[in-house]
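A.B. asks: For reference, this is final.txt, and it has compact mmCIF, C-alpha atoms.
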# COMPACT_ATOMS: atom_id res chain seq x y z
CA MET S 1 39.14 -46.50 -66.04
CA ALA S 2 38.01 -48.50 -63.00
CA VAL S 3 38.78 -46.87 -59.66
CA HIS S 4 38.11 -49.38 -56.92
CA ASP S 5 37.41 -48.17 -53.38
CA ALA S 6 34.68 -50.52 -52.12
CA TYR S 7 37.01 -52.36 -49.71
CA ALA S 8 40.70 -52.79 -48.93
CA ARG S 9 42.45 -54.91 -51.53
CA VAL S 10 45.06 -57.56 -50.79
CA THR S 11 48.19 -55.68 -49.70
CA PRO S 12 51.88 -56.00 -50.64
CA TYR S 13 52.44 -57.09 -47.03
CA GLU S 14 50.28 -60.16 -47.59
CA LEU S 15 51.73 -60.89 -51.03
CA LEU S 16 55.28 -60.79 -49.71
CA PHE S 17 55.02 -64.03 -47.76
CA PRO S 18 54.53 -67.63 -48.97
CA ALA S 19 52.05 -68.36 -46.15
CA PRO S 20 49.95 -66.23 -43.75
CA GLY S 21 51.81 -67.53 -40.69
CA PHE S 22 55.26 -66.77 -42.10
CA PRO S 23 55.74 -63.42 -40.25
CA ASP S 24 54.78 -64.89 -36.86
CA GLU S 25 57.17 -67.79 -37.44
CA ARG S 26 60.19 -65.81 -38.61
CA PHE S 27 60.04 -62.23 -37.33
CA PRO S 28 60.51 -63.14 -33.61
CA SER S 29 64.03 -64.31 -34.48
CA VAL S 30 64.76 -60.86 -35.91
CA GLU S 31 63.53 -59.24 -32.69
CA ALA S 32 65.63 -61.61 -30.60
CA GLU S 33 68.79 -60.97 -32.62
CA GLY S 34 68.23 -57.23 -32.56
CA ALA S 35 67.85 -57.27 -28.77
CA ALA S 36 70.92 -59.46 -28.30
CA ARG S 37 73.11 -57.30 -30.54
CA GLY S 38 71.66 -53.95 -29.54
CA THR S 39 70.66 -53.30 -33.16
CA ASP S 40 68.25 -50.46 -33.93
CA LEU S 41 65.74 -52.39 -36.02
CA THR S 42 63.91 -49.18 -36.95
CA ASN S 43 66.97 -48.14 -38.96
CA PRO S 44 66.68 -49.68 -42.46
CA ALA S 45 70.44 -50.11 -42.91
CA ALA S 46 70.92 -51.71 -39.48
CA PHE S 47 67.88 -53.94 -40.01
CA ALA S 48 69.39 -55.35 -43.21
CA THR S 49 72.58 -56.41 -41.42
CA CYS S 50 70.80 -58.92 -39.17
CA GLY S 51 71.57 -62.54 -39.94
CA ALA S 52 67.93 -63.49 -39.32
CA VAL S 53 66.85 -60.91 -41.91
CA GLN S 54 69.29 -62.32 -44.46
CA GLY S 55 67.94 -65.79 -43.78
CA ILE S 56 64.38 -64.62 -44.43
CA LEU S 57 65.44 -62.90 -47.63
CA ALA S 58 67.09 -66.11 -48.82
CA ASP S 59 63.91 -68.07 -48.14
CA LEU S 60 61.78 -65.48 -49.96
CA GLN S 61 63.82 -65.66 -53.16
CA PRO S 62 61.85 -67.30 -56.00
CA ARG S 63 62.66 -70.95 -56.59
CA ASP S 64 63.10 -72.60 -59.97
CA GLU S 65 59.59 -74.05 -59.78
CA PRO S 66 57.63 -71.79 -57.43
CA PRO S 67 54.30 -72.96 -56.02
CA GLU S 68 51.09 -71.15 -56.81
CA HIS S 69 51.75 -68.49 -54.14
CA ASP S 70 55.44 -67.94 -53.57
CA GLY S 71 55.54 -64.40 -52.26
CA ALA S 72 56.56 -61.23 -54.10
CA HIS S 73 59.48 -61.25 -56.54
CA PHE S 74 61.94 -58.41 -56.96
CA ALA S 75 64.71 -57.89 -59.46
CA GLN S 76 67.10 -56.48 -56.84
CA GLY S 77 67.92 -57.80 -53.39
CA SER S 78 68.03 -54.29 -51.94
CA ALA S 79 64.42 -53.72 -52.95
CA HIS S 80 63.39 -56.98 -51.31
CA ALA S 81 65.22 -55.99 -48.11
CA HIS S 82 63.52 -52.62 -48.09
CA VAL S 83 60.00 -54.00 -48.40
CA LEU S 84 60.83 -56.59 -45.73
CA TYR S 85 61.87 -53.72 -43.46
CA PHE S 86 58.44 -52.10 -43.75
CA ALA S 87 56.67 -55.44 -43.38
CA PHE S 88 58.60 -56.11 -40.16
CA GLN S 89 57.75 -52.67 -38.75
CA LEU S 90 54.05 -53.18 -39.53
CA TRP S 91 54.08 -56.64 -37.93
CA ARG S 92 55.98 -55.38 -34.92
CA THR S 93 53.81 -52.36 -34.09
CA GLU S 94 50.33 -53.36 -35.22
CA ARG S 95 50.06 -57.11 -34.72
CA PRO S 96 47.23 -58.49 -32.54
CA PRO S 97 46.63 -59.14 -29.71
CA ASP S 98 48.89 -56.25 -28.71
CA THR S 99 46.64 -53.73 -30.44
CA LYS S 100 43.31 -53.44 -32.22
CA ARG S 101 44.42 -50.55 -34.41
CA PRO S 102 43.99 -51.08 -38.14
CA ALA S 103 47.15 -51.97 -40.03
CA VAL S 104 45.74 -50.60 -43.29
CA ALA S 105 43.83 -47.48 -44.27
CA LEU S 106 42.08 -47.02 -47.60
CA PHE S 107 42.21 -43.38 -48.74
CA SER S 108 38.83 -43.03 -50.41
CA ARG S 109 38.38 -41.60 -53.88
CA ALA S 110 36.30 -38.70 -52.54
CA ALA S 111 38.94 -37.74 -49.98
CA LEU S 112 41.76 -38.08 -52.49
CA ARG S 113 40.06 -35.77 -54.97
CA THR S 114 40.07 -32.95 -52.41
CA LEU S 115 43.80 -33.29 -51.82
CA PRO S 116 45.17 -30.51 -54.07
CA ALA S 117 42.69 -27.99 -52.63
CA SER S 118 43.23 -28.87 -48.98
CA GLU S 119 44.52 -26.25 -46.56
CA ALA S 120 47.81 -26.47 -44.69
CA LEU S 121 47.70 -28.66 -41.59
CA GLU S 122 48.47 -27.40 -38.12
CA ALA S 123 51.58 -28.94 -36.55
CA GLY S 124 51.53 -31.33 -33.61
CA TRP S 125 49.24 -34.12 -34.82
CA GLU S 126 52.26 -36.12 -36.03
CA ALA S 127 53.05 -37.18 -32.45
CA ALA S 128 50.16 -39.68 -32.65
CA LEU S 129 52.10 -41.60 -35.30
CA ARG S 130 55.20 -42.09 -33.20
CA GLY S 131 56.10 -45.77 -32.80
CA ARG S 132 53.49 -46.84 -35.34
CA SER S 133 53.54 -48.30 -38.85
CA GLY S 134 51.01 -49.13 -41.52
CA TYR S 135 50.03 -49.30 -45.15
CA LEU S 136 48.05 -46.52 -46.83
CA GLN S 137 46.16 -47.91 -49.81
CA LEU S 138 44.88 -45.73 -52.65
CA PRO S 139 41.86 -46.27 -54.92
CA GLN S 140 42.90 -48.69 -57.63
CA HIS S 141 44.65 -47.09 -60.63
CA MET S 142 43.85 -43.54 -59.53
CA VAL S 143 47.34 -42.26 -58.65
CA TRP S 144 50.25 -42.71 -61.06
CA ALA S 145 53.98 -42.43 -60.46
CA GLU S 146 55.63 -40.46 -63.25
CA GLU S 147 59.35 -40.92 -62.65
CA GLN S 148 61.71 -38.85 -64.73
CA GLY S 149 63.12 -40.90 -67.58
CA ALA S 150 60.58 -43.72 -67.21
CA GLU S 151 58.94 -44.96 -70.41
CA ARG S 152 55.46 -44.90 -68.93
CA PRO S 153 53.74 -44.06 -65.60
CA ASP S 154 53.07 -46.86 -63.13
CA SER S 155 49.99 -47.20 -60.96
CA VAL S 156 50.60 -46.52 -57.25
CA ASP S 157 48.83 -49.05 -55.04
CA GLY S 158 49.79 -47.28 -51.83
CA PHE S 159 52.52 -46.44 -49.33
CA PHE S 160 54.26 -48.28 -46.54
CA TRP S 161 55.14 -45.95 -43.68
CA THR S 162 56.71 -46.15 -40.26
CA ALA S 163 57.35 -43.50 -37.61
CA THR S 164 60.18 -44.53 -35.30
CA GLY S 165 60.37 -43.98 -31.56
CA ASP S 166 63.03 -41.32 -32.12
CA ALA S 167 60.67 -39.43 -34.45
CA VAL S 168 62.04 -40.32 -37.89
CA PHE S 169 59.49 -40.90 -40.68
CA HIS S 170 60.21 -43.54 -43.33
CA ALA S 171 57.97 -44.26 -46.33
CA ALA S 172 57.98 -46.00 -49.70
CA ALA S 173 55.54 -46.16 -52.60
CA ILE S 174 54.36 -49.52 -53.91
CA THR S 175 53.77 -49.63 -57.66
CA GLY S 176 52.82 -52.17 -60.29
CA MET S 177 50.27 -54.19 -58.32
CA HIS S 178 48.55 -55.80 -61.30
CA PRO S 179 46.73 -59.15 -61.54
CA GLY S 180 49.00 -61.76 -63.02
CA ARG S 181 52.18 -59.75 -62.44
CA PRO S 182 54.76 -61.50 -60.21
CA GLY S 183 55.54 -59.07 -57.43
CA TYR S 184 55.56 -55.28 -57.43
CA GLY S 185 57.86 -52.28 -57.32
CA ILE S 186 58.99 -50.31 -54.27
CA VAL S 187 60.12 -46.68 -54.48
CA PRO S 188 61.60 -45.39 -51.18
CA VAL S 189 61.53 -41.67 -50.42
CA PRO S 190 64.08 -39.87 -48.22
CA ALA S 191 63.60 -40.20 -44.47
CA GLN S 192 62.22 -37.09 -42.78
CA PRO S 193 61.80 -35.77 -39.23
CA LEU S 194 58.34 -36.86 -38.11
CA ASP S 195 57.34 -33.36 -37.03
CA SER S 196 58.06 -31.98 -40.51
CA LEU S 197 55.07 -33.66 -42.19
CA SER S 198 52.76 -30.68 -41.66
CA GLU S 199 55.34 -28.37 -43.22
CA TRP S 200 55.10 -30.27 -46.51
CA THR S 201 51.39 -29.44 -46.83
CA ALA S 202 52.18 -25.71 -46.95
CA THR S 203 55.08 -26.04 -49.42
CA PRO S 204 54.68 -26.15 -53.22
CA ALA S 205 55.41 -29.71 -54.32
CA ARG S 206 56.30 -28.84 -57.95
CA GLU S 207 58.21 -25.93 -59.36
CA ASP S 208 55.49 -25.30 -61.96
CA GLY S 209 52.81 -25.37 -59.26
CA ASP S 210 50.73 -27.97 -61.12
CA GLU S 211 50.62 -30.39 -58.20
CA PHE S 212 49.31 -33.93 -58.65
CA ALA S 213 48.63 -33.36 -62.34
CA THR S 214 49.26 -36.22 -64.77
CA ARG S 215 49.80 -36.40 -68.51
CA LEU S 216 47.82 -39.62 -68.84
CA PRO S 217 45.09 -39.47 -71.52
CA GLY S 218 41.62 -39.00 -70.03
CA ALA S 219 43.02 -37.94 -66.64
CA GLU S 220 40.48 -35.15 -66.13
CA ILE S 221 37.55 -37.39 -67.03
CA ASP S 222 38.62 -40.18 -64.68
CA GLY S 223 39.94 -37.89 -61.93
CA LEU S 224 43.44 -39.33 -62.12
CA LEU S 225 46.36 -37.89 -60.18
CA GLY S 226 50.12 -38.08 -60.66
CA VAL S 227 53.11 -37.91 -58.31
CA ARG S 228 56.51 -36.88 -59.63
CA THR S 229 58.33 -35.52 -56.58
CA PRO S 230 59.03 -36.68 -53.00
CA ALA S 231 57.31 -33.48 -51.87
CA GLU S 232 54.05 -34.68 -53.44
CA VAL S 233 54.41 -38.01 -51.64
CA PHE S 234 54.90 -36.32 -48.27
CA LYS S 235 52.00 -33.94 -48.88
CA LEU S 236 49.67 -36.80 -49.81
CA LEU S 237 50.81 -38.86 -46.83
CA ALA S 238 50.40 -35.95 -44.42
CA PHE S 239 46.78 -35.32 -45.38
CA ALA S 240 45.95 -39.03 -45.30
CA LEU S 241 47.73 -39.82 -42.04
CA LYS S 242 46.14 -36.83 -40.32
CA ARG S 243 42.77 -38.39 -41.18
CA TRP S 244 44.05 -41.76 -40.00
CA THR S 245 44.99 -40.47 -36.54
CA THR S 246 41.47 -39.15 -35.99
CA SER S 247 39.51 -42.00 -37.66
CA ALA S 248 37.09 -44.16 -35.73
CA ARG S 249 38.20 -47.57 -34.56
CA PRO S 250 37.19 -50.24 -37.13
CA PRO S 251 35.29 -53.45 -36.42
CA ALA S 252 37.29 -56.41 -35.15
CA PRO S 253 39.43 -58.18 -37.78
CA ASN S 254 37.50 -60.67 -39.88
CA SER S 255 38.10 -63.25 -42.56
CA GLY S 256 36.82 -60.95 -45.32
CA ALA S 257 38.83 -57.99 -44.05
CA ALA S 258 36.07 -55.49 -44.67
CA PRO S 259 33.88 -53.41 -42.37
CA VAL S 260 31.34 -53.33 -45.19
CA GLU S 261 29.29 -56.17 -46.62
CA VAL S 262 31.32 -58.31 -49.02
CA GLU S 263 29.98 -61.38 -50.78
CA PRO S 264 31.81 -64.58 -49.75
CA THR S 265 32.68 -65.20 -53.39
CA VAL S 266 34.31 -62.18 -55.01
CA PRO S 267 33.87 -62.07 -58.81
CA SER S 268 37.07 -62.82 -60.70
CA SER S 269 36.99 -59.32 -62.20
CA SER S 270 37.07 -57.71 -58.74
CA PRO S 271 40.20 -57.09 -56.64
CA VAL S 272 41.05 -59.71 -54.03
CA PRO S 273 40.09 -58.45 -50.52
CA SER S 274 42.72 -58.00 -47.84
CA ASP S 275 42.70 -60.15 -44.71
CA LEU S 276 44.05 -57.28 -42.59
CA PRO S 277 41.88 -55.00 -40.44
CA TYR S 278 41.43 -51.60 -42.09
CA VAL S 279 39.68 -48.28 -41.90
CA VAL S 280 38.38 -46.09 -44.74
CA LEU S 281 39.52 -42.46 -44.69
Just dump the structure as structure tokens.
C.D. replies:
Amino acid sequence: MAVHDAYARVTPYELLFPAPGFPDERFPSVEAEGAARGTDLTNPAAFATCGAVQGILADLQPRDEPPEHDGAHFAQGSAHAHVLYFAFQLWRTERPPDTKRPAVALFSRAALRTLPASEALEAGWEAALRGRSGYLQLPQHMVWAEEQGAERPDSVDGFFWTATGDAVFHAAAITGMHPGRPGYGIVPVPAQPLDSLSEWTATPAREDGDEFATRLPGAEIDGLLGVRTPAEVFKLLAFALKRWTTSARPPAPNSGAAPVEVEPTVPSSSPVPSDLPYVVL
């Protein structure tokens, strides 16, 4: 099974919008309404009540005859609102020219394979995440969500995350990012106090103790991992985000969105590169 980690792939943030300039055109109206109404836009429920947000959601709904790139499609409006929440937080906290921090981090295959054996993290590093947001991308088809009752596992592309100014940590897994599939799935996990992330690394994530194991055929050969519990999500995020807070600053954003050499023409069999600045963990 192919496990891609040569460069950051196109993200669910980019696929959400019908055009690259859409966030810069529409999100300022959300900020303005939030300021005028005194709405806490870092609260997912409050964010969804904004009229400007509802207007964006209406415009992002698939039309009867969608153009070639018409954004991501979701079966439920609540899911669409939730992914828009994370997209807004990422745009709001990481957009240039306000910052040169990478909006995306690719958790490398080598780093991910050491995850189950990693030691507990010391507390305190989480403060560096406060007021920030991003997207943590995983090697392609390496981590699989095995929800209870689901017919089959679904590949996890990565995780949106945001750490609010009042130290609440929100995250959601993005699944089903496959070529030719319209849209993707979003699986939110319960909000947590930001300073509790380190605690998850020292807590068993499964009752049977077999953390990150998967029942997929050939998992041991391909080094595949599975997540079944929110605890596993928080543990994975904690190890990855700790690396992110101490990673070197990446090169300036570029059209190919890669700090490594990428051919101008990417073969059709390869993942589409992201246009967002990123760092490899």
A.B. asks: From the options S:Gly124, S:Pro204, S:Pro182, S:Pro12, which residue's atoms come nearest to S:Leu90, counting only C-alpha atoms?
C.D. replies: S:Pro12
A.B. asks: Which polymer residues, protein or nucleic acid, are no farther than 7 Å from (50.1, -52.2, -54.0), counting all atoms listed in the file, as a PyMOL selection string?
C.D. replies: chain S and resi 11-12+156-158+174-177
A.B. asks: Select, from S:His82, S:Arg152, S:Arg206, S:Arg92, the residue with the minimum atom-to-atom distance to S:Thr229, counting only C-alpha atoms.
C.D. replies: S:Arg206
A.B. asks: Distance atom CA of S:Phe22-atom CA of S:Asp5, one decimal place?
C.D. replies: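 Pair atom CA of S:Phe22 / atom CA of S:Asp5 returns 28.1 Å.
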A.B. asks: Fewer than 2 positions away in the same chain doesn't count, so skip those; otherwise give me all residues within 12 Å of S:Leu115, counting all atoms listed in the file, as a compact mmCIF listing (two decimals) with C-alpha atoms, in the coordinates of the input.
C.D. replies:
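Result file is result.txt:
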# COMPACT_ATOMS: atom_id res chain seq x y z
CA PHE S 107 42.21 -43.38 -48.74
CA SER S 108 38.83 -43.03 -50.41
CA ARG S 109 38.38 -41.60 -53.88
CA ALA S 110 36.30 -38.70 -52.54
CA ALA S 111 38.94 -37.74 -49.98
CA LEU S 112 41.76 -38.08 -52.49
CA ARG S 113 40.06 -35.77 -54.97
CA ALA S 117 42.69 -27.99 -52.63
CA SER S 118 43.23 -28.87 -48.98
CA GLU S 119 44.52 -26.25 -46.56
CA ALA S 120 47.81 -26.47 -44.69
CA LEU S 121 47.70 -28.66 -41.59
CA VAL S 143 47.34 -42.26 -58.65
CA THR S 201 51.39 -29.44 -46.83
CA GLU S 211 50.62 -30.39 -58.20
CA PHE S 212 49.31 -33.93 -58.65
CA ALA S 213 48.63 -33.36 -62.34
CA GLY S 223 39.94 -37.89 -61.93
CA LEU S 224 43.44 -39.33 -62.12
CA LEU S 225 46.36 -37.89 -60.18
CA GLY S 226 50.12 -38.08 -60.66
CA GLU S 232 54.05 -34.68 -53.44
CA VAL S 233 54.41 -38.01 -51.64
CA LYS S 235 52.00 -33.94 -48.88
CA LEU S 236 49.67 -36.80 -49.81
CA LEU S 237 50.81 -38.86 -46.83
CA ALA S 238 50.40 -35.95 -44.42
CA PHE S 239 46.78 -35.32 -45.38
CA ALA S 240 45.95 -39.03 -45.30
CA ARG S 243 42.77 -38.39 -41.18
A.B. asks: Measuring between all atoms listed in the file, which one of S:Thr245, S:Gln137, S:Gln61, S:Thr164 shows the shortest distance to S:Pro193?
C.D. replies: S:Thr164
A.B. asks: When you look at S:Ala87 with a cut-off of 10 Å (counting all atoms listed in the file), what residues show up, excluding the ones that are within fewer than 5 positions of it in the same chain? I need them as a list in words.
C.D. replies: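 Here the qualifying residues turn out to be Pro12, Tyr13, Glu14, Leu16, Phe17, Pro23, Phe27, Ala81, His82, Arg92, Ser133, Gly134, Tyr135, Phe160, Trp161 and Thr162 of chain S.
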A.B. asks: Interatomic distance between atom CA of S:Ala36 and atom CA of S:Thr49?
C.D. replies: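 The value is 13.6 Å.
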